[in-house]
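File shown: coords-v9.txt (compact mmCIF, C-alpha atoms).
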```txt
# COMPACT_ATOMS: atom_id res chain seq x y z
CA MET A 89 22.18 -15.92 65.33
CA GLU A 90 19.11 -15.38 63.25
CA ASP A 91 15.94 -17.09 64.40
CA PRO A 92 15.01 -19.61 61.67
CA THR A 93 11.35 -19.54 62.72
CA HIS A 94 11.08 -15.79 62.38
CA ILE A 95 8.91 -14.67 59.48
CA ASP A 96 9.56 -11.26 58.09
CA PRO A 97 6.17 -9.48 58.00
CA ASN A 98 7.31 -7.59 54.86
CA ALA A 99 8.44 -10.71 53.02
CA GLU A 100 5.34 -10.97 50.82
CA ALA A 101 5.56 -7.33 49.87
CA ASN A 102 9.16 -7.85 48.81
CA LEU A 103 8.29 -10.74 46.52
CA PRO A 104 8.04 -10.00 42.81
CA GLU A 105 4.49 -9.73 41.50
CA ARG A 106 2.88 -13.02 40.68
CA GLY A 107 3.42 -14.12 37.13
CA SER A 108 6.08 -11.54 36.42
CA PHE A 109 8.94 -14.03 36.70
CA PHE A 110 8.29 -15.43 33.23
CA GLU A 111 8.06 -12.95 30.43
CA VAL A 112 6.82 -13.19 26.87
CA PRO A 113 7.89 -11.17 23.86
CA ASP A 114 5.80 -8.10 23.02
CA GLY A 115 2.65 -8.98 21.14
CA PHE A 116 3.08 -12.69 21.90
CA PHE A 117 -0.54 -13.36 22.91
CA GLN A 118 -1.96 -11.37 20.02
CA ALA A 119 0.26 -13.26 17.61
CA GLN A 120 -0.87 -16.55 19.16
CA GLN A 121 -4.48 -15.56 18.77
CA GLU A 122 -3.98 -14.50 15.16
CA ALA A 123 -2.12 -17.70 14.36
CA LEU A 124 -4.93 -19.74 15.87
CA PHE A 125 -7.59 -17.93 13.85
CA ALA A 126 -5.47 -18.24 10.71
CA THR A 127 -5.21 -22.01 11.25
CA ILE A 128 -8.96 -22.28 11.76
CA GLU A 129 -9.60 -20.27 8.58
CA GLU A 130 -7.14 -22.42 6.67
CA GLU A 131 -8.81 -25.61 7.89
CA GLU A 132 -12.22 -24.28 6.88
CA LEU A 133 -10.87 -23.45 3.45
CA LYS A 134 -9.42 -26.94 3.08
CA LYS A 135 -12.86 -28.38 3.76
CA GLU A 136 -14.32 -26.18 1.01
CA ALA A 137 -11.68 -27.24 -1.52
CA PRO A 138 -10.75 -30.86 -0.78
CA LEU A 139 -9.51 -31.57 -4.32
CA LEU A 140 -7.16 -28.61 -4.40
CA PHE A 141 -5.63 -29.30 -1.02
CA SER A 142 -5.15 -32.99 -1.77
CA ILE A 143 -2.80 -32.20 -4.66
CA PRO A 144 0.75 -33.04 -3.59
CA GLN A 145 3.03 -29.99 -3.56
CA LYS A 146 5.82 -30.74 -5.98
CA ASP A 147 7.94 -28.80 -8.44
CA PHE A 148 5.83 -28.37 -11.55
CA PHE A 149 8.11 -25.91 -13.28
CA THR A 150 11.69 -26.97 -13.88
CA VAL A 151 14.84 -25.26 -15.16
CA PRO A 152 17.65 -26.37 -17.47
CA GLU A 153 20.40 -28.25 -15.68
CA GLY A 154 22.82 -25.97 -13.86
CA PHE A 155 20.65 -22.88 -14.37
CA PHE A 156 20.90 -21.70 -10.77
CA ASP A 157 24.65 -22.41 -10.71
CA ARG A 158 25.19 -20.17 -13.73
CA PHE A 159 22.70 -17.45 -12.88
CA PRO A 160 24.72 -15.51 -10.23
CA GLY A 161 27.61 -15.28 -12.73
CA LEU A 162 25.21 -13.89 -15.31
CA ILE A 163 24.14 -11.16 -12.91
CA GLN A 164 27.75 -10.36 -12.04
CA LYS A 165 28.55 -10.01 -15.72
CA SER A 166 25.54 -7.76 -16.27
CA LEU A 167 26.57 -5.53 -13.36
CA GLU A 168 30.06 -5.22 -14.75
CA THR A 169 29.09 -4.55 -18.34
CA LYS A 170 25.93 -2.49 -18.03
CA GLU A 171 25.91 1.06 -16.88
CA VAL A 172 23.91 1.18 -13.69
CA ARG A 173 22.30 4.57 -13.28
CA GLU A 174 20.54 5.90 -10.27
CA ILE A 175 17.11 7.36 -10.67
CA SER A 176 17.24 11.05 -10.04
CA LEU A 177 15.09 12.35 -7.20
CA ARG A 178 14.85 15.59 -9.11
CA ASN A 179 12.26 13.94 -11.34
CA ARG A 180 9.95 13.30 -8.39
CA PHE A 181 10.47 16.84 -7.19
CA ALA A 182 9.64 18.32 -10.56
CA PHE A 183 6.38 16.45 -10.81
CA SER A 184 5.28 17.11 -7.24
CA LYS A 185 5.66 20.83 -7.94
CA ILE A 186 3.21 20.54 -10.79
CA SER A 187 0.78 18.22 -9.05
CA ASN A 188 0.58 20.56 -6.05
CA THR A 189 -0.55 23.35 -8.33
CA TYR A 190 -3.31 21.33 -9.89
CA VAL A 191 -5.43 19.78 -7.25
CA GLY A 192 -7.37 16.63 -8.11
CA TYR A 193 -6.36 13.19 -9.23
CA GLY A 194 -7.92 13.48 -12.65
CA ILE A 195 -5.79 16.50 -13.48
CA ALA A 196 -2.70 14.80 -12.08
CA ALA A 197 -3.35 11.80 -14.32
CA ALA A 198 -3.96 14.02 -17.31
CA VAL A 199 -0.73 15.89 -16.60
CA ALA A 200 1.10 12.59 -16.42
CA ILE A 201 -0.31 11.53 -19.75
CA PHE A 202 0.52 14.86 -21.27
CA LEU A 203 4.12 14.70 -20.11
CA LEU A 204 4.46 11.15 -21.28
CA GLY A 205 3.08 12.23 -24.60
CA ILE A 206 5.66 14.96 -24.99
CA TRP A 207 8.37 12.56 -24.06
CA ILE A 208 7.25 9.69 -26.25
CA THR A 209 6.74 11.86 -29.29
CA GLY A 210 10.27 13.15 -29.01
CA GLY A 211 9.58 16.50 -27.38
CA PRO A 212 11.91 18.43 -25.11
CA LEU A 213 12.15 15.65 -22.53
CA GLN A 214 13.40 13.05 -24.94
CA GLU A 215 16.89 11.83 -24.23
CA PRO A 216 18.56 9.92 -27.05
CA HIS A 217 20.15 7.20 -24.93
CA SER A 218 17.35 6.62 -22.45
CA PRO A 219 15.67 3.19 -22.49
CA ALA A 220 12.39 2.68 -24.31
CA PRO A 221 9.59 4.70 -22.66
CA LYS A 222 7.13 1.82 -22.68
CA GLU A 223 9.43 -0.16 -20.41
CA LEU A 224 9.85 2.64 -17.96
CA VAL A 225 6.21 3.41 -17.69
CA TRP A 226 4.97 -0.05 -16.93
CA SER A 227 7.76 -1.27 -14.72
CA GLU A 228 7.64 1.80 -12.47
CA ILE A 229 3.92 1.98 -12.05
CA PRO A 230 2.67 0.91 -8.59
CA THR A 231 1.95 -2.83 -8.38
CA GLU A 232 -1.74 -2.42 -7.59
CA VAL A 233 -2.21 -0.31 -10.72
CA LEU A 234 -0.09 -2.67 -12.80
CA ILE A 235 -2.25 -5.65 -11.84
CA GLU A 236 -5.28 -3.81 -13.19
CA ALA A 237 -3.37 -2.76 -16.30
CA VAL A 238 -2.62 -6.35 -17.30
CA SER A 239 -6.30 -7.29 -17.01
CA SER A 240 -7.71 -4.19 -18.65
CA ASP A 241 -8.87 -4.02 -22.24
CA LEU A 242 -8.88 -0.20 -22.16
CA SER A 243 -6.37 1.73 -24.22
CA ASP A 244 -3.27 2.66 -22.25
CA THR A 245 -4.15 6.33 -21.99
CA ASP A 246 -7.71 5.69 -20.90
CA PHE A 247 -6.51 3.11 -18.45
CA LEU A 248 -3.87 5.34 -16.88
CA ALA A 249 -6.24 8.27 -16.49
CA GLU A 250 -8.85 6.05 -14.85
CA ALA A 251 -6.47 3.99 -12.74
CA PHE A 252 -4.62 6.88 -11.16
CA SER A 253 -7.79 8.71 -10.27
CA GLN A 254 -9.54 5.60 -8.94
CA ASN A 255 -6.57 4.52 -6.85
CA GLY A 256 -6.34 7.94 -5.26
CA ILE A 257 -2.71 8.38 -6.19
CA GLU A 258 -2.01 12.01 -5.51
CA GLU A 259 1.60 12.10 -6.54
CA ILE A 260 2.60 10.05 -9.51
CA PRO A 261 6.15 8.82 -8.99
CA GLY A 262 8.66 10.66 -11.14
CA GLU A 263 10.26 7.35 -12.06
CA ILE A 264 7.47 6.51 -14.44
CA PHE A 265 8.61 9.29 -16.71
CA THR A 266 12.27 8.63 -17.14
CA HIS A 267 15.33 6.94 -15.82
CA SER A 268 17.52 9.57 -17.37
CA GLU A 269 18.92 12.61 -15.67
CA TRP A 270 16.88 15.64 -16.58
CA GLU A 271 18.80 18.71 -17.52
CA GLU A 272 18.09 21.98 -15.73
CA GLU A 273 16.76 23.37 -18.98
CA GLU A 274 14.27 20.53 -19.26
CA LEU A 275 13.09 21.04 -15.71
CA GLU A 276 12.54 24.71 -16.41
CA ILE A 277 10.38 23.83 -19.39
CA LEU A 278 8.39 21.48 -17.18
CA GLU A 279 7.83 24.06 -14.50
CA GLU A 280 6.89 26.75 -16.95
CA LEU A 281 4.28 24.69 -18.76
CA ASP A 282 0.96 26.46 -18.63
CA LEU A 283 -1.34 23.47 -18.64
CA SER A 284 -4.49 25.55 -18.48
CA ASP A 285 -3.96 26.54 -22.10
CA ILE A 286 -3.85 22.98 -23.28
CA ASP A 287 -6.92 21.03 -24.16
CA LEU A 288 -5.82 17.68 -22.81
CA GLU A 289 -8.90 15.91 -24.03
CA ALA A 290 -8.26 17.03 -27.58
CA GLU A 291 -4.50 16.70 -27.45
CA TRP A 292 -4.08 13.29 -25.96
CA LEU A 293 -7.06 11.55 -24.51
CA GLN A 294 -8.99 11.41 -27.76
CA GLU A 295 -6.07 9.96 -29.64
CA PRO A 296 -4.52 7.38 -27.40
CA PHE A 297 -0.90 6.63 -28.08
CA ASP A 298 0.16 3.07 -27.73
CA LEU A 299 2.95 2.64 -25.23
CA ASN A 300 3.60 -0.83 -26.51
CA MET B 250 9.57 -13.12 8.30
CA THR B 251 13.12 -11.74 8.44
CA THR B 252 15.72 -14.44 8.96
CA THR B 253 19.10 -13.92 10.62
CA VAL B 254 20.78 -14.24 7.22
CA ASP B 255 18.42 -11.62 5.79
CA LYS B 256 19.22 -9.28 8.67
CA GLN B 257 22.93 -9.66 8.03
CA ILE B 258 22.45 -9.04 4.31
CA GLN B 259 20.28 -6.00 5.06
CA GLU B 260 22.94 -4.55 7.34
CA ASN B 261 25.67 -5.13 4.78
CA LEU B 262 23.58 -3.58 2.01
CA GLN B 263 23.65 -0.32 3.95
CA ASN B 264 27.43 -0.38 4.03
CA VAL B 265 28.87 0.85 0.74
CA GLU B 266 32.05 -1.23 1.12
CA GLN B 267 30.14 -4.45 1.69
CA GLN B 268 27.28 -3.70 -0.67
CA ARG B 269 28.54 -5.69 -3.64
CA GLN B 270 29.26 -8.78 -1.56
CA ALA B 271 25.90 -8.49 0.21
CA PHE B 272 24.19 -8.24 -3.15
CA GLU B 273 25.89 -11.44 -4.31
CA GLN B 274 24.55 -13.13 -1.18
CA LEU B 275 21.13 -11.73 -1.98
CA VAL B 276 21.21 -13.21 -5.48
CA ASN B 277 22.28 -16.59 -4.12
CA SER B 278 19.65 -16.61 -1.40
CA TYR B 279 16.71 -15.41 -3.46
CA GLN B 280 17.28 -16.54 -7.04
CA LYS B 281 15.28 -19.76 -6.69
CA VAL B 282 12.22 -18.45 -4.86
CA LEU B 283 12.03 -15.39 -7.08
CA TYR B 284 12.49 -17.46 -10.23
CA PHE B 285 9.54 -19.69 -9.35
CA HIS B 286 7.44 -16.70 -8.30
CA ILE B 287 8.14 -15.07 -11.67
CA ARG B 288 7.73 -18.32 -13.59
CA ARG B 289 4.23 -18.82 -12.15
CA ILE B 290 3.31 -15.41 -13.56
CA VAL B 291 4.99 -15.47 -16.98
CA ILE B 292 4.95 -19.31 -17.39
CA ASP B 293 7.70 -19.60 -20.04
CA HIS B 294 11.22 -20.40 -18.79
CA GLU B 295 13.10 -18.00 -21.11
CA ASP B 296 10.77 -15.17 -20.16
CA ALA B 297 11.16 -15.99 -16.46
CA SER B 298 14.93 -15.99 -16.81
CA ASP B 299 14.89 -12.54 -18.46
CA VAL B 300 12.51 -11.12 -15.88
CA LEU B 301 14.61 -12.56 -13.05
CA GLN B 302 17.71 -10.84 -14.43
CA ASN B 303 15.85 -7.55 -14.72
CA THR B 304 14.59 -7.97 -11.18
CA PHE B 305 18.08 -8.24 -9.73
CA LEU B 306 19.45 -5.47 -11.96
CA LYS B 307 16.65 -3.21 -10.85
CA ALA B 308 17.28 -4.15 -7.22
CA TRP B 309 20.95 -3.23 -7.65
CA LYS B 310 20.11 0.07 -9.34
CA ASN B 311 17.77 0.94 -6.51
CA ILE B 312 19.89 -0.33 -3.68
CA ALA B 313 20.51 3.19 -2.43
CA LYS B 314 16.78 3.54 -1.90
CA PHE B 315 16.51 0.36 0.14
CA ARG B 316 15.87 1.26 3.74
CA GLY B 317 17.65 -0.73 6.42
CA ASP B 318 14.45 -1.30 8.35
CA ALA B 319 12.58 -2.64 5.31
CA ASN B 320 12.10 -6.33 4.72
CA VAL B 321 14.47 -7.49 1.99
CA LYS B 322 12.22 -10.40 1.02
CA THR B 323 9.10 -8.30 0.42
CA TRP B 324 11.21 -5.62 -1.30
CA LEU B 325 12.56 -8.18 -3.78
CA TYR B 326 9.18 -9.85 -4.27
CA ARG B 327 7.65 -6.48 -5.03
CA ILE B 328 10.27 -5.72 -7.69
CA ALA B 329 9.88 -9.22 -9.16
CA THR B 330 6.09 -8.91 -9.22
CA ASN B 331 6.26 -5.51 -10.89
CA GLU B 332 8.77 -6.70 -13.45
CA SER B 333 6.64 -9.78 -14.24
CA LEU B 334 3.46 -7.77 -14.59
CA SER B 335 5.10 -5.11 -16.72
CA PHE B 336 6.47 -7.91 -18.89
CA LEU B 337 2.94 -9.27 -19.33
CA LYS B 338 1.66 -5.77 -20.03
CA ARG B 339 4.21 -5.33 -22.80
CA LYS B 340 3.47 -8.80 -24.12
CA LYS B 341 -0.25 -8.03 -24.15
CA GLY B 342 0.53 -5.07 -26.42
CA HIS B 343 1.52 -7.54 -29.13
CA PHE B 344 -1.88 -9.20 -29.05
CA GLU B 345 -5.35 -8.07 -29.98
CA ASP B 346 -6.74 -8.37 -26.47
CA LEU B 347 -6.39 -9.95 -23.05
CA LYS B 348 -7.81 -13.27 -24.21
CA ASP B 349 -4.93 -13.71 -26.65
CA LEU B 350 -2.42 -13.17 -23.85
CA GLN B 351 -4.17 -15.79 -21.74
CA ASP B 352 -4.15 -18.18 -24.71
CA ASP B 353 -0.42 -17.59 -25.10
CA LEU B 354 0.22 -18.37 -21.44
CA ARG B 355 -1.90 -21.50 -21.72
CA HIS B 356 0.07 -22.51 -24.79
CA SER B 357 3.35 -22.11 -22.87
CA LEU B 358 1.89 -24.26 -20.13
CA SER B 359 0.87 -27.04 -22.49
CA SER B 360 4.09 -26.94 -24.54
CA GLY B 361 5.74 -28.89 -21.75
CA LYS B 362 9.15 -27.21 -22.01
CA TYR B 363 10.80 -27.33 -18.58
CA ILE B 364 7.56 -28.54 -17.06
CA ASP B 365 7.33 -31.71 -15.05
CA GLY B 366 3.94 -32.55 -13.70
CA ASP B 367 1.17 -35.11 -13.83
CA THR B 368 -2.39 -34.53 -15.02
CA ILE B 369 -3.64 -33.06 -11.76
CA GLN B 370 -0.72 -30.63 -11.61
CA HIS B 371 -1.48 -29.50 -15.16
CA LEU B 372 -5.12 -29.03 -14.24
CA LEU B 373 -4.13 -26.97 -11.22
CA HIS B 374 -1.96 -24.62 -13.28
CA GLN B 375 -4.58 -24.35 -16.01
CA ALA B 376 -7.10 -23.42 -13.34
CA ILE B 377 -4.79 -20.74 -11.93
CA LEU B 378 -4.49 -19.18 -15.37
CA THR B 379 -8.26 -18.65 -15.47
CA LEU B 380 -8.12 -16.44 -12.38
CA PRO B 381 -8.21 -12.64 -12.57
CA GLU B 382 -4.68 -11.22 -12.27
CA LYS B 383 -5.01 -10.05 -8.67
CA GLN B 384 -6.40 -13.39 -7.48
CA ARG B 385 -3.67 -15.20 -9.40
CA MET B 386 -0.95 -13.20 -7.62
CA VAL B 387 -2.49 -13.74 -4.19
CA PHE B 388 -3.17 -17.42 -4.80
CA ASN B 389 0.40 -18.11 -5.96
CA MET B 390 2.02 -16.36 -3.02
CA ARG B 391 -0.26 -17.95 -0.45
CA TYR B 392 -0.67 -21.46 -1.84
CA PHE B 393 2.82 -22.12 -3.22
CA ASP B 394 5.06 -19.77 -1.24
CA GLU B 395 2.96 -20.05 1.94
CA MET B 396 3.47 -16.36 2.60
CA LYS B 397 1.67 -14.55 5.39
CA TYR B 398 -1.13 -12.21 4.39
CA GLU B 399 0.83 -9.33 5.94
CA GLU B 400 3.79 -10.04 3.66
CA ILE B 401 1.59 -10.36 0.57
CA GLY B 402 -0.10 -7.12 1.63
CA GLU B 403 3.26 -5.35 1.69
CA ILE B 404 4.11 -6.63 -1.77
CA LEU B 405 0.79 -5.91 -3.45
CA SER B 406 -0.26 -2.91 -1.34
CA LEU B 407 -3.52 -4.60 -0.42
CA SER B 408 -5.25 -4.92 2.93
CA VAL B 409 -5.24 -8.26 4.76
CA GLY B 410 -9.04 -8.36 4.56
CA GLY B 411 -8.95 -7.84 0.81
CA LEU B 412 -6.27 -10.47 0.40
CA LYS B 413 -8.23 -13.05 2.36
CA ALA B 414 -11.28 -12.41 0.21
CA ASN B 415 -9.20 -12.70 -2.97
CA TYR B 416 -7.58 -15.93 -1.81
CA HIS B 417 -10.90 -17.41 -0.76
CA HIS B 418 -12.48 -16.65 -4.15
CA ALA B 419 -9.44 -18.01 -5.95
CA VAL B 420 -9.45 -21.26 -3.98
CA LYS B 421 -13.12 -21.85 -4.73
CA LYS B 422 -12.67 -21.12 -8.44
CA VAL B 423 -9.66 -23.41 -8.73
CA GLU B 424 -11.50 -26.19 -6.92
CA GLN B 425 -14.52 -25.79 -9.20
CA PHE B 426 -12.33 -25.81 -12.32
CA ILE B 427 -10.58 -29.03 -11.31
CA LYS B 428 -13.88 -30.62 -10.35
CA ASN B 429 -15.47 -29.70 -13.69
CA GLN B 430 -12.52 -31.07 -15.64
CA GLN B 431 -12.55 -34.33 -13.75
CA ASP B 432 -16.31 -34.91 -14.10
```
This entry written out as C-alpha cells:
Amino acid sequence: MEDPTHIDPNAEANLPERGSFFEVPDGFFQAQQEALFATIEEEELKKEAPLLFSIPQKDFFTVPEGFFDRFPGLIQKSLETKEVREISLRNRFAFSKISNTYVGYGIAAAVAIFLLGIWITGGPLQEPHSPAPKELVWSEIPTEVLIEAVSSDLSDTDFLAEAFSQNGIEEIPGEIFTHSEWEEEELEILEELDLSDIDLEAEWLQEPFDLN
Amino acid sequence: MTTTVDKQIQENLQNVEQQRQAFEQLVNSYQKVLYFHIRRIVIDHEDASDVLQNTFLKAWKNIAKFRGDANVKTWLYRIATNESLSFLKRKKGHFEDLKDLQDDLRHSLSSGKYIDGDTIQHLLHQAILTLPEKQRMVFNMRYFDEMKYEEIGEILSLSVGGLKANYHHAVKKVEQFIKNQQD
C-alpha cells in the first residue's frame, strides 16, 4: 500500500508552470491596452466637445414606409434584368505593361489621361454599348483619391494628374478605363502606342476635357 | 468586427452554388446600415436609394473578386463610400463650383423630406456639412456607426493616426459650429 505521507521529490517539477493553466486568446493583453487607451481618448474628446456628445443619438434621416421591405426585391429584379458583366483582368494587365515602361507617377498619370482622352473622344477604345465613361472613371478611382476629387476645384484632368502623382499610385487600376471587354485588336493598339511622340501637355493637359 | 453571420455569408459567397442566396442575405443584413451611411453623404433620400442600389449591384458584379479572408462589412462600406463620393463628384459637375454642391446638400437637409429631427439634430447635421470631405467621412463612421479606427482605415485607406487626427479636428469644428449657432 502506498504511504500517504510520502512526498514525491519530483512532484513540483511535474506540475504545470505557474499561470499556464488559464490561457488567453492571442493578442488579448494588447487589445485590452488599446481598448483602454481608446476609452481614455474618447473620454478626453467628450470633455472637449460637451455639446456634441450631449446630443441624443436618434434617427435623423428617415425612409418612406416599407422601403427596406421592398428594397431586397428591387435588387433581385435588377440582378435578373440587368446584364452583370465581370471586369476583365486583361485591362489591368494592359495598363501595367505600359506603366512599367514609363517609370514615374507623373508619366503614369499622363498616360492615364491620354488613354481616357482617346476613349472619351470616341477613339479606338470606344465601345458602343459600354456605360458612360464619366461614371466608370469616378466610381473606380481609389477612395482616398475620390475624397480629394469631390473637394477639389481643379479641372478633372489637372486633378487626376496631380492626385495620382501625389498619392504615389504606381499602377492605375485598369477598371477606371472601362468595364467593357477589350478586343485583342484594341489591346494591340494600346501596347503599340509610342507615347514619346505625343506631346501630352499640348494634347490633353492644356485643354481639359470635362468628364462630367 | 466579423460576426458569425458575416462569416457564414462570407463562406457561402465563395461557393458558386450558394452565392446568390448568400448575396440575398447580404442585402438583408446590410441594407439599413449602408443606406444610412450613404444618406449621410448624399443627404437626399432618392439619391441615397439610387446609390444603395448601385452599391449592391457593384458588389454582385465584383463578387468573384471578393476574397474569403476579407471583411465583408468593410468591403461593402468601401463600395458604398466610393459610389457615394462618385455620385457627389458627378453632381458637382453640374454646378459652378464646390460651394454650389455644398449649398445643394444644405438645401436637401433643410427641405425636411424624410427627415425627422429637432433643432439640435439639424444643427449637428448642418455642422457636419461644413467639414472637409475626408473629415466628414471619418466623423460619420466614428460618431454614428461607432466603427473602430482600424475598420475606417480599411475603408478609406488611411492610417489610424491620420484618422484620429481627422476625427479630433472634426469633433472640435462641429462643437464650435453648434456653440456659435446657439450663442
Seminar exercise, completed: Separating CA of Gln430 (chain B) from CA of Leu412 (chain B), to the nearest tenth of an Å, is a gap of 26.8 Å
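Distances from A:Glu168, A:Asp147, A:Glu136, A:Glu236 to His418 (chain B) were compared using only C-alpha atoms, and the smallest one belongs to A:Glu136.
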For this session: Using all atoms listed in the file, select each residue of chain B with any atom at most 8 Å away from an atom of chain A, and give the selection as an MDAnalysis selection string.
Result: chainID B and resid 273 276:277 280:281 285 288 294 302 305:306 310:311 327 330:332 334:339 341:343 346:347 363:366 369:370 373 381:383 393 404:407 417 420:421 423:424 427:428
For this session: Name all residues at most 10 Å from Arg316 (chain B) (count all atoms listed in the file; drop same-chain ones fewer than 2 positions away) and give them as an NGL selection string.
Result: :B and (259-260 or 262-263 or 312-314 or 318-321 or 324)
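Going from CA of Thr252 (chain B) over to CA of Gln274 (chain B), you cover 13.5 Å.
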For this session: Using all atoms listed in the file, determine which residues lie at most 8 Å from Ala329 (chain B), disregarding the query and same-chain residues fewer than 4 positions distant; provide the list as a PyMOL selection string.
Result: chain B and resi 283+286-287+300-301+304+325+333
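Pairwise distance (CA of Ser357 (chain B), CA of Thr323 (chain B)) equals 27.7 Å.
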